[in-house]
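K.L.:
So that you have it, the file is run32.csv, and it contains CSV, C-alpha atoms and all ligand atoms:
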```csv
chain,number,residue,atom,x,y,z
I,29,MET,CA,0.0,0.0,0.0
I,30,ARG,CA,1.0,3.6,-0.2
I,31,ALA,CA,1.2,5.6,3.1
I,32,ALA,CA,2.3,9.1,4.1
I,33,PHE,CA,5.2,9.1,6.6
I,34,LEU,CA,5.9,12.2,8.5
I,35,THR,CA,9.8,12.2,8.5
I,36,GLY,CA,10.7,15.6,9.7
I,37,SER,CA,9.4,19.1,10.4
I,38,ARG,CA,6.9,19.9,7.6
I,39,GLN,CA,8.1,16.8,5.7
I,40,PHE,CA,6.0,14.0,4.4
I,41,GLU,CA,7.3,11.1,2.4
I,42,VAL,CA,4.5,9.2,0.5
I,43,ARG,CA,5.8,5.7,-0.4
I,44,GLU,CA,5.1,2.0,-0.8
I,45,THR,CA,5.1,0.1,2.5
I,46,PRO,CA,3.8,-3.5,3.3
I,47,ASP,CA,0.1,-3.8,3.9
I,48,PRO,CA,-0.8,-3.9,7.6
I,49,VAL,CA,-1.1,-7.5,8.9
I,50,VAL,CA,-4.7,-8.5,9.8
I,51,PRO,CA,-4.8,-8.7,13.6
I,52,GLU,CA,-6.1,-12.1,14.9
I,53,ASP,CA,-8.8,-10.2,16.8
I,54,GLY,CA,-9.0,-7.1,14.6
I,55,LEU,CA,-9.6,-5.6,11.1
I,56,VAL,CA,-8.0,-4.0,8.2
I,57,LEU,CA,-9.7,-0.9,6.8
I,58,LYS,CA,-9.4,0.6,3.4
I,59,VAL,CA,-9.2,4.3,4.3
I,60,GLU,CA,-11.7,6.5,2.4
I,61,ALA,CA,-11.2,9.9,4.1
I,62,CYS,CA,-9.0,11.3,6.8
I,63,GLY,CA,-9.2,14.9,8.1
I,64,VAL,CA,-6.3,17.2,8.9
I,65,CYS,CA,-6.7,18.4,12.5
I,66,GLY,CA,-5.1,21.2,14.4
I,67,SER,CA,-3.1,18.7,16.5
I,68,ASP,CA,-1.9,17.1,13.2
I,69,LEU,CA,-0.6,20.5,12.2
I,70,ARG,CA,1.3,21.0,15.4
I,71,ARG,CA,2.9,17.5,15.0
I,72,TRP,CA,3.7,18.4,11.3
I,73,ARG,CA,5.4,21.7,12.2
I,74,GLU,CA,7.5,19.9,14.9
I,75,GLY,CA,8.2,16.7,13.1
I,76,PRO,CA,7.9,13.2,14.7
I,77,PRO,CA,8.3,13.0,18.5
I,78,ALA,CA,11.8,12.6,19.9
I,79,GLY,CA,13.2,9.1,19.3
I,80,VAL,CA,10.8,8.3,16.5
I,81,ASP,CA,12.1,8.3,12.9
I,82,ASN,CA,8.8,8.5,11.1
I,83,MET,CA,5.1,8.0,11.7
I,84,ILE,CA,1.8,7.7,9.8
I,85,PRO,CA,-0.4,10.4,11.4
I,86,GLY,CA,-4.2,10.9,10.9
I,87,HIS,CA,-7.0,10.3,13.4
I,88,GLU,CA,-10.2,11.6,11.8
I,89,VAL,CA,-10.8,8.5,9.8
I,90,SER,CA,-13.5,6.7,7.8
I,91,GLY,CA,-13.2,3.6,5.7
I,92,VAL,CA,-14.5,0.2,4.8
I,93,VAL,CA,-13.4,-3.1,6.3
I,94,THR,CA,-11.6,-5.2,3.7
I,95,ALA,CA,-10.2,-8.0,6.0
I,96,ALA,CA,-11.1,-9.4,9.4
I,97,GLY,CA,-9.2,-11.7,11.8
I,98,PRO,CA,-10.9,-14.9,12.9
I,99,ARG,CA,-11.5,-13.5,16.4
I,100,ALA,CA,-12.6,-10.0,15.4
I,101,VAL,CA,-15.7,-8.8,17.3
I,102,ARG,CA,-18.4,-6.2,16.5
I,103,PHE,CA,-17.6,-5.6,12.8
I,104,GLY,CA,-16.9,-7.5,9.6
I,105,ILE,CA,-15.9,-7.3,6.0
I,106,GLY,CA,-17.8,-4.6,4.1
I,107,ASP,CA,-18.8,-2.6,7.1
I,108,ARG,CA,-18.3,1.2,6.7
I,109,LEU,CA,-16.7,2.6,9.9
I,110,ALA,CA,-15.9,6.0,11.4
I,111,ILE,CA,-12.9,6.0,13.8
I,112,ALA,CA,-11.7,8.3,16.5
I,113,PRO,CA,-8.2,8.0,18.0
I,114,ASP,CA,-8.7,7.2,21.7
I,115,ILE,CA,-8.0,3.7,23.0
I,116,HIS,CA,-8.6,3.6,26.7
I,117,CYS,CA,-7.2,0.9,29.0
I,118,GLY,CA,-10.5,0.0,30.8
I,119,ARG,CA,-8.7,-0.7,34.1
I,120,CYS,CA,-7.4,2.6,35.6
I,121,TRP,CA,-9.2,4.8,38.2
I,122,TYR,CA,-10.8,7.0,35.4
I,123,CYS,CA,-11.8,4.1,33.2
I,124,GLU,CA,-13.5,2.3,36.2
I,125,ARG,CA,-15.6,5.5,36.5
I,126,GLY,CA,-16.4,5.7,32.8
I,127,LEU,CA,-14.2,8.8,32.3
I,128,PHE,CA,-12.5,7.2,29.3
I,129,ASN,CA,-11.1,10.4,27.8
I,130,LEU,CA,-9.1,10.9,31.1
I,131,CYS,CA,-7.6,7.4,31.0
I,132,ASP,CA,-4.1,7.2,32.5
I,133,ASN,CA,-3.0,4.8,29.8
I,134,ILE,CA,-4.7,6.4,26.8
I,135,ARG,CA,-3.2,5.6,23.4
I,136,LEU,CA,-4.2,7.5,20.3
I,137,LEU,CA,-4.3,6.1,16.8
I,138,GLY,CA,-2.3,8.3,14.4
I,139,ILE,CA,-0.7,10.1,17.4
I,140,THR,CA,0.9,7.7,19.8
I,141,PRO,CA,4.1,6.1,18.4
I,142,GLY,CA,3.4,2.5,17.3
I,143,TYR,CA,-0.2,3.3,16.4
I,144,PRO,CA,-0.3,4.2,12.7
I,145,GLY,CA,-3.1,6.5,11.5
I,146,GLY,CA,-5.2,7.2,8.5
I,147,PHE,CA,-3.0,9.0,6.0
I,148,ALA,CA,-2.5,5.7,4.3
I,149,GLU,CA,-4.4,3.5,1.9
I,150,LYS,CA,-5.0,0.9,4.6
I,151,MET,CA,-5.1,0.9,8.4
I,152,ALA,CA,-5.2,-1.9,10.9
I,153,LEU,CA,-7.6,-1.8,13.9
I,154,THR,CA,-6.6,-4.1,16.7
I,155,GLY,CA,-9.0,-6.0,18.9
I,156,GLU,CA,-8.2,-3.5,21.6
I,157,ALA,CA,-9.3,-0.6,19.3
I,158,LEU,CA,-12.5,-2.4,18.5
I,159,VAL,CA,-13.3,-3.0,22.2
I,160,ASN,CA,-11.8,0.0,24.0
I,161,GLY,CA,-11.5,2.4,21.2
I,162,ILE,CA,-14.0,4.6,19.4
I,163,VAL,CA,-15.3,2.9,16.3
I,164,HIS,CA,-18.9,3.3,15.0
I,165,ARG,CA,-20.8,2.2,11.9
I,166,VAL,CA,-21.4,5.0,9.4
I,167,PRO,CA,-25.1,5.5,8.9
I,168,ASP,CA,-26.3,4.5,5.4
I,169,GLY,CA,-26.3,7.5,3.1
I,170,LEU,CA,-23.7,9.5,5.1
I,171,SER,CA,-20.6,10.2,3.0
I,172,ASP,CA,-17.1,9.1,3.9
I,173,GLU,CA,-16.0,12.7,4.3
I,174,PHE,CA,-18.7,13.5,6.7
I,175,ALA,CA,-18.1,10.3,8.6
I,176,ALA,CA,-14.5,11.5,9.1
I,177,MET,CA,-15.7,14.8,10.4
I,178,ALA,CA,-17.5,13.1,13.3
I,179,GLU,CA,-14.2,13.0,15.2
I,180,PRO,CA,-13.6,16.7,15.5
I,181,CYS,CA,-17.3,17.3,16.0
I,182,SER,CA,-17.4,14.9,19.0
I,183,SER,CA,-15.1,17.0,21.2
I,184,VAL,CA,-17.2,20.1,20.3
I,185,LEU,CA,-20.4,18.3,21.3
I,186,ALA,CA,-18.8,17.2,24.6
I,187,ALA,CA,-17.7,20.7,25.4
I,188,HIS,CA,-21.2,22.1,24.9
I,189,MET,CA,-22.7,19.3,27.0
I,190,LYS,CA,-20.2,20.3,29.7
I,191,ALA,CA,-21.0,24.0,29.4
I,192,ASN,CA,-24.7,23.2,29.2
I,193,SER,CA,-25.2,25.7,26.4
I,194,GLY,CA,-28.8,26.0,25.3
I,195,LEU,CA,-31.9,28.1,24.7
I,196,ASP,CA,-31.6,31.6,26.0
I,197,ASP,CA,-27.8,31.5,26.1
I,198,THR,CA,-25.3,33.6,24.2
I,199,VAL,CA,-22.2,31.6,23.5
I,200,VAL,CA,-19.0,33.4,22.5
I,201,ILE,CA,-16.4,31.4,20.5
I,202,ILE,CA,-12.9,32.8,20.2
I,203,GLY,CA,-11.2,31.3,17.2
I,204,ALA,CA,-12.8,30.9,13.8
I,205,GLY,CA,-11.0,27.9,12.5
I,206,PRO,CA,-12.8,24.7,11.5
I,207,ILE,CA,-13.3,23.9,15.2
I,208,GLY,CA,-14.7,27.4,15.9
I,209,CYS,CA,-17.1,26.9,13.1
I,210,LEU,CA,-18.2,23.6,14.5
I,211,HIS,CA,-18.8,25.4,17.9
I,212,VAL,CA,-21.0,27.9,16.1
I,213,ALA,CA,-23.0,25.2,14.4
I,214,VAL,CA,-23.4,23.2,17.7
I,215,ALA,CA,-24.3,26.3,19.7
I,216,LYS,CA,-27.0,27.1,17.2
I,217,ALA,CA,-28.3,23.6,17.0
I,218,ARG,CA,-28.7,23.7,20.8
I,219,GLY,CA,-30.7,26.8,20.6
I,220,ALA,CA,-28.1,29.4,21.7
I,221,ALA,CA,-27.0,32.6,20.0
I,222,ALA,CA,-23.4,32.4,18.7
I,223,ILE,CA,-20.9,35.2,18.6
I,224,ILE,CA,-17.6,34.4,16.9
I,225,ILE,CA,-14.3,36.3,17.4
I,226,ASP,CA,-11.1,36.1,15.3
I,227,ARG,CA,-8.3,38.3,14.1
I,228,SER,CA,-8.4,37.1,10.5
I,229,THR,CA,-10.8,38.7,8.1
I,230,THR,CA,-10.5,35.6,5.8
I,231,ARG,CA,-11.5,33.3,8.6
I,232,LEU,CA,-14.4,35.6,9.7
I,233,GLU,CA,-15.6,35.6,6.1
I,234,MET,CA,-15.5,31.8,6.0
I,235,VAL,CA,-17.3,31.4,9.3
I,236,GLU,CA,-20.4,33.1,7.6
I,237,ARG,CA,-21.0,29.6,6.1
I,238,VAL,CA,-22.4,28.5,9.5
I,239,GLU,CA,-24.3,31.7,10.0
I,240,PRO,CA,-23.1,33.1,13.4
I,241,ASP,CA,-25.4,35.7,15.0
I,242,ALA,CA,-22.5,38.1,15.1
I,243,SER,CA,-18.8,38.0,14.1
I,244,LEU,CA,-16.3,40.3,15.6
I,245,ASN,CA,-12.8,41.2,14.3
I,246,ALA,CA,-10.5,41.5,17.4
I,247,THR,CA,-8.1,43.7,15.5
I,248,GLN,CA,-10.8,46.3,14.9
I,249,MET,CA,-12.5,46.6,18.3
I,250,ASP,CA,-12.5,46.0,22.0
I,251,VAL,CA,-14.2,42.6,21.8
I,252,VAL,CA,-15.0,42.5,25.5
I,253,ALA,CA,-16.9,45.8,25.3
I,254,ARG,CA,-18.6,44.7,22.2
I,255,VAL,CA,-19.8,41.4,23.7
I,256,ARG,CA,-21.2,43.3,26.6
I,257,GLU,CA,-23.0,45.6,24.3
I,258,LEU,CA,-24.5,42.7,22.4
I,259,THR,CA,-25.7,41.1,25.6
I,260,ASN,CA,-27.4,44.3,27.1
I,261,GLY,CA,-24.4,44.9,29.3
I,262,LEU,CA,-24.7,41.5,31.0
I,263,GLY,CA,-21.9,39.5,29.3
I,264,ALA,CA,-22.1,36.1,27.6
I,265,ASP,CA,-23.4,33.0,29.3
I,266,VAL,CA,-20.6,30.9,27.9
I,267,ALA,CA,-17.3,31.7,26.3
I,268,ILE,CA,-15.3,29.0,24.5
I,269,CYS,CA,-11.6,29.4,23.7
I,270,ALA,CA,-10.9,27.5,20.5
I,271,ASN,CA,-7.4,28.8,19.8
I,272,PRO,CA,-3.9,28.5,21.2
I,273,ASP,CA,-3.5,32.1,22.5
I,274,PRO,CA,-3.5,32.3,26.3
I,275,SER,CA,-4.5,36.0,26.2
I,276,THR,CA,-7.9,35.0,24.8
I,277,GLN,CA,-8.5,32.9,27.9
I,278,ALA,CA,-8.1,36.1,30.0
I,279,GLU,CA,-10.5,37.9,27.7
I,280,ALA,CA,-13.0,35.1,28.0
I,281,VAL,CA,-13.2,35.5,31.7
I,282,ARG,CA,-13.9,39.2,31.2
I,283,MET,CA,-16.6,38.5,28.6
I,284,VAL,CA,-18.9,36.3,30.5
I,285,ARG,CA,-21.6,37.3,33.0
I,286,LYS,CA,-21.5,36.5,36.7
I,287,GLY,CA,-22.1,32.8,37.0
I,288,GLY,CA,-21.0,32.3,33.4
I,289,ARG,CA,-18.9,29.5,32.1
I,290,VAL,CA,-15.5,29.6,30.4
I,291,VAL,CA,-14.4,26.6,28.5
I,292,LEU,CA,-10.7,26.2,27.7
I,293,PHE,CA,-11.1,24.1,24.6
I,294,GLY,CA,-7.8,24.7,22.7
I,295,GLY,CA,-4.5,23.5,24.0
I,296,LEU,CA,-1.7,26.1,24.5
I,297,PRO,CA,1.8,25.8,23.0
I,298,LYS,CA,3.8,23.2,25.1
I,299,ALA,CA,6.7,25.7,25.5
I,300,ASN,CA,4.4,28.3,27.1
I,301,PRO,CA,1.3,26.7,28.6
I,302,ASN,CA,0.7,29.3,31.4
I,303,THR,CA,-2.2,31.7,31.4
I,304,THR,CA,-3.2,34.6,33.7
I,305,LEU,CA,-6.8,35.0,34.6
I,306,ASN,CA,-8.5,37.7,36.7
I,307,GLY,CA,-9.0,35.7,39.9
I,308,ASN,CA,-11.3,38.3,41.4
I,309,LEU,CA,-13.7,38.1,38.5
I,310,ILE,CA,-13.8,34.4,38.9
I,311,HIS,CA,-14.2,34.6,42.7
I,312,TYR,CA,-16.8,37.4,43.1
I,313,GLY,CA,-18.6,36.5,39.9
I,314,GLU,CA,-18.7,32.8,40.6
I,315,ILE,CA,-17.4,32.2,37.1
I,316,GLU,CA,-16.8,28.6,36.2
I,317,VAL,CA,-13.6,27.9,34.2
I,318,VAL,CA,-13.4,24.4,32.9
I,319,GLY,CA,-11.2,22.4,30.6
I,320,ALA,CA,-12.6,20.3,27.8
I,321,PHE,CA,-10.6,17.6,26.1
I,322,SER,CA,-11.7,14.7,23.9
I,323,TYR,CA,-15.0,13.0,24.8
I,324,HIS,CA,-16.9,9.9,25.8
I,325,PRO,CA,-17.3,7.4,22.9
I,326,THR,CA,-21.1,8.2,22.9
I,327,ALA,CA,-20.3,11.7,21.6
I,328,HIS,CA,-18.9,10.2,18.4
I,329,ALA,CA,-22.0,8.1,17.8
I,330,MET,CA,-24.1,11.3,18.4
I,331,ALA,CA,-22.0,13.3,15.9
I,332,LEU,CA,-22.7,10.7,13.2
I,333,ASP,CA,-26.3,10.7,14.0
I,334,LEU,CA,-26.6,14.5,13.9
I,335,PHE,CA,-24.8,14.6,10.6
I,336,HIS,CA,-27.1,11.9,9.2
I,337,ARG,CA,-30.2,13.8,10.3
I,338,GLY,CA,-28.9,17.0,8.8
I,339,ILE,CA,-28.9,18.8,12.1
I,340,LEU,CA,-25.3,20.1,11.7
I,341,PRO,CA,-24.3,21.7,8.4
I,342,VAL,CA,-21.1,19.6,8.1
I,343,ASP,CA,-21.1,20.0,4.3
I,344,ARG,CA,-20.3,23.7,4.6
I,345,LEU,CA,-17.2,23.0,6.7
I,346,ILE,CA,-15.1,21.0,4.2
I,347,THR,CA,-13.4,23.4,1.8
I,348,HIS,CA,-10.5,21.3,0.4
I,349,ARG,CA,-9.9,17.7,-0.6
I,350,PHE,CA,-6.5,16.2,-1.6
I,351,PRO,CA,-5.3,12.7,-2.8
I,352,LEU,CA,-2.8,10.9,-0.6
I,353,ASP,CA,0.1,11.9,-2.8
I,354,GLN,CA,-0.6,15.6,-2.1
I,355,VAL,CA,-0.7,15.2,1.7
I,356,GLY,CA,2.0,17.8,2.0
I,357,GLN,CA,-0.1,20.3,0.1
I,358,ALA,CA,-3.1,19.4,2.2
I,359,PHE,CA,-1.2,20.3,5.4
I,360,ALA,CA,0.2,23.5,3.9
I,361,THR,CA,-3.4,24.5,2.9
I,362,ALA,CA,-4.8,23.7,6.4
I,363,ASP,CA,-1.8,25.6,7.9
I,364,SER,CA,-2.4,28.7,5.8
I,365,GLY,CA,-5.8,29.3,7.4
I,366,GLU,CA,-7.3,29.9,3.9
I,367,GLY,CA,-9.6,27.0,4.2
I,368,LEU,CA,-11.7,25.4,6.8
I,369,LYS,CA,-11.6,21.6,7.0
I,370,VAL,CA,-9.1,19.9,4.7
I,371,ILE,CA,-9.7,16.2,3.9
I,372,VAL,CA,-7.3,13.7,2.4
I,373,LYS,CA,-8.8,10.9,0.3
I,374,PRO,CA,-6.2,8.1,0.1
I,401,ZN,ZN,-8.4,15.9,15.7
I,402,ZN,ZN,-7.8,3.8,31.7
```
Show me, as C-alpha cells, the structure contained in the file I just sent.

P.N.:
Amino acid sequence: MRAAFLTGSRQFEVRETPDPVVPEDGLVLKVEACGVCGSDLRRWREGPPAGVDNMIPGHEVSGVVTAAGPRAVRFGIGDRLAIAPDIHCGRCWYCERGLFNLCDNIRLLGITPGYPGGFAEKMALTGEALVNGIVHRVPDGLSDEFAAMAEPCSSVLAAHMKANSGLDDTVVIIGAGPIGCLHVAVAKARGAAAIIIDRSTTRLEMVERVEPDASLNATQMDVVARVRELTNGLGADVAICANPDPSTQAEAVRMVRKGGRVVLFGGLPKANPNTTLNGNLIHYGEIEVVGAFSYHPTAHAMALDLFHRGILPVDRLITHRFPLDQVGQAFATADSGEGLKVIVKP
C-alpha cells in the first residue's frame, strides 16, 4: 500500500510500504477519508516526536473493512466505519468510572508512536481498538468525508454538554478555525445565539457559512466591550476558547456574565502553557472555568447521528480535498488558514 510518513518538520514522504497485517482479533480498513486536524498541524510543524524516525499520522478516519481476523468482534468485511483515535485501558481509576477520555494509559491512533493512523491506503484496527476504542458504523447515506468529520465534532459536542449551552444562552467562541465553526453550528443547534471572534478577516468571512449571530474582528474593536453591548451589558453566558492564544482565555473571563462558564477548549503551546486570569472576577462573579478535552465514545455516535439527520451543516465546513500523494499540500493548505476543513482521500 501507499502511506504518508511524517519524516521531519513539515516533511512528508509518500511511499510504498507493506500492507498492515490483519490482527487475529481485529480488522484492516481501506481508508476512504482522513481529516487534517489542528493537532496534526502541530505535529507536522515539529516533526515526529523525539526518538521516532517517522510515523503515519491521521486520526479523523472513515473507511470500509476489507479484512477481518478470525476472532474479530463487532464488525466484519464490508462494514463502513468511522474511527476516532482514543483507545482507553479499561482498568485505571478513570476508566473504572467511565471517564475514558481521562484514562491514565490512553493511546491515540495516528498520534501515539506505534499506532499508525489514517494517512494511508489501509489501516489496521486491533481488537483493543474495537473494544476499548471509538469505532462506529457509518449510517447509510452518510458520505465518507462527513463520517471522518464526526471525530472533531465529537469534542465540540462534549464541550457544549459540559458547558450546558442552550436556549436563552449567548455563546461566544474565540477562534474561527474549523473547530470554531463547529462550535458555532453546535451552539445554534442547541438553541443558543453564537458570537464568533477572530483576528483574521479571511476566517471571519469563511465562518459566515455556518451563520453566526455576530462575528467580531478582534483587530478592529474591543471585543470584551462589544460582547457586553451585544448582551445588554450583561456579558455572555458561555465563552469557549478554541485557539492556542492564552490572552484570549483572560478575555473570555472578562466577557462572561456573573455565573458564566468559560471553556478552555484549545491547547496552548507546550513551551508556554501558562495563562493569567483575573481571579477576582472568577471569585466574586462565581465564574466557572473548565477544561474540555476529547469525549466519551457516545459523543462520536451522536455526531454521526446529527450529521445523518442534517442537524449540523457539516457540508459547509469542508473546503479542500486532496489525494494521498498531495498530503504535504493538504497540510500546507490547512496551515495557511485559507480553508476550513481539509480532507485527504487516500
Ligand atoms: Zn483531531
Ligand atoms: Zn484507563

K.L.:
If I take CA of Met330 (chain I) and CA of Leu210 (chain I), how far is one from the other in Å, to one decimal?

P.N.:
14.2 Å

K.L.:
Counting all atoms listed in the file, find residues at most 12 Å from (-6.7, 13.7, 1.8) (file frame) and give them as a PyMOL selection string.

P.N.:
chain I and resi 31-32+59-65+85-86+88-90+146-149+172-173+176+346-359+361-362+369-374

K.L.:
Can you pull out every residue within 7 Å of Ala178 (chain I), counting only C-alpha atoms, but drop anything in the same chain fewer than 6 positions away, and send it as a ChimeraX atom specification?

P.N.:
/I:328,331-332

K.L.:
Can I get the residues close to ligand ZN 402 (chain I) as a ChimeraX atom specification, where close means within 8 Å and we count all atoms listed in the file?

P.N.:
/I:116-124,128,130-134

K.L.:
Which residues are near ligand ZN 401 (chain I) - at most 7 Å, using all atoms listed in the file? Format: as a PyMOL selection string.

P.N.:
chain I and resi 65-67+87-88+179-180

K.L.:
Do you know which residues are at most 9 Å from region 248-259 of chain I counting only C-alpha atoms, after dropping those on the same chain fewer than 2 positions away, and could you put them as an mmCIF file with C-alpha atoms, keeping the file's coordinate frame?

P.N.:
```cif
data_model
loop_
_atom_site.group_PDB
_atom_site.id
_atom_site.type_symbol
_atom_site.label_atom_id
_atom_site.label_comp_id
_atom_site.auth_asym_id
_atom_site.auth_seq_id
_atom_site.Cartn_x
_atom_site.Cartn_y
_atom_site.Cartn_z
ATOM 1 C CA THR I 198 -25.300 33.600 24.200
ATOM 2 C CA VAL I 200 -19.000 33.400 22.500
ATOM 3 C CA ILE I 223 -20.900 35.200 18.600
ATOM 4 C CA ILE I 225 -14.300 36.300 17.400
ATOM 5 C CA ARG I 227 -8.300 38.300 14.100
ATOM 6 C CA ALA I 242 -22.500 38.100 15.100
ATOM 7 C CA LEU I 244 -16.300 40.300 15.600
ATOM 8 C CA ASN I 245 -12.800 41.200 14.300
ATOM 9 C CA ALA I 246 -10.500 41.500 17.400
ATOM 10 C CA GLY I 261 -24.400 44.900 29.300
ATOM 11 C CA LEU I 262 -24.700 41.500 31.000
ATOM 12 C CA GLY I 263 -21.900 39.500 29.300
ATOM 13 C CA ALA I 264 -22.100 36.100 27.600
ATOM 14 C CA GLU I 279 -10.500 37.900 27.700
ATOM 15 C CA ALA I 280 -13.000 35.100 28.000
ATOM 16 C CA ARG I 282 -13.900 39.200 31.200
ATOM 17 C CA MET I 283 -16.600 38.500 28.600
ATOM 18 C CA VAL I 284 -18.900 36.300 30.500
ATOM 19 C CA ARG I 285 -21.600 37.300 33.000
#
```

K.L.:
For CA of Gly161 (chain I) and CA of Arg99 (chain I), determine how far apart the two atoms are, in Å to one decimal place.

P.N.:
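Answer for the CA of Gly161 (chain I) to CA of Arg99 (chain I) separation: 16.6 Å.
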
K.L.:
Have a look at CA of Gly194 (chain I) and CA of Val212 (chain I) and let me know their distance in Å, one decimal.

P.N.:
12.2 Å

K.L.:
With only C-alpha atoms as the counted atoms, please give the residues lying no more than 8 Å from Val92 (chain I), apart from itself and same-chain residues fewer than 6 positions off, as a ChimeraX atom specification.

P.N.:
/I:57-60,105-109

K.L.:
May I ask which of the residues I:Ile111, I:Ala204, I:Cys181, I:Val266 is the closest one to Ala221 (chain I), counting only C-alpha atoms?

P.N.:
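Smallest distance to Ala221 (chain I) is found for I:Val266.
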
K.L.:
Select, from I:Ala175, I:Val163, I:Met83, I:Met29, the residue with the minimum atom-to-atom distance to Arg43 (chain I), counting all atoms listed in the file.

P.N.:
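With all atoms listed in the file as the atom set, the closest residue is I:Met29.
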
K.L.:
So which residues touch Asp47 (chain I) within 8 Å, counting all atoms listed in the file, skipping near sequence neighbours fewer than 2 positions away, as a list in words?

P.N.:
Met29, Thr45, Val49 and Lys150 of chain I

K.L.:
List the neighbours of region 38-40 of chain I out to 7 Å using all atoms listed in the file; skip same-chain residues closer than 4 positions along the sequence, and give me the result as a count of residues only.

P.N.:
7

K.L.:
Point out the residue among I:Ser182, I:Asn260, I:Thr247, I:Ser364 with the least atom-to-atom distance to Phe335 (chain I), counting only C-alpha atoms.

P.N.:
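Among the listed residues, I:Ser182 lies closest to Phe335 (chain I).
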
K.L.:
For a cutoff of 12 Å around the file-coordinate point (-2.8, 21.6, 25.7), which residues qualify once you count all atoms listed in the file? I'd like the result as a list in words.

P.N.:
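Collected hits near the coordinates: Gly66, Ser67, Arg70, Cys269, Ala270, Asn271, Pro272, Asp273, Pro274, Leu292, Phe293, Gly294, Gly295, Leu296, Pro297, Lys298, Ala299, Asn300, Pro301, Asn302, Thr303, Gly319, Ala320, Phe321 and Ser322 of chain I.
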
K.L.:
Between I:Ala267, I:Ala157, I:Val281, I:Ile84, which residue has the minimum interatomic distance to Asp114 (chain I), considering all atoms listed in the file?

P.N.:
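Distance minimum relative to Asp114 (chain I) lands on I:Ala157.
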
K.L.:
Would you please work out which residue, of I:Pro206, I:Gly138, I:Gly126, I:Gly104, is nearest to Asp363 (chain I) when using all atoms listed in the file?

P.N.:
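Using all atoms listed in the file, Asp363 (chain I) sits closest to I:Pro206.
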
K.L.:
Let me make sure I understand: among I:Ile207, I:Ala100, I:Ala112, I:Ile201, which one has the smallest atom-to-atom distance to Glu156 (chain I) if we use only C-alpha atoms?

P.N.:
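Looking at the shortest contact to Glu156 (chain I), the residue is I:Ala100.
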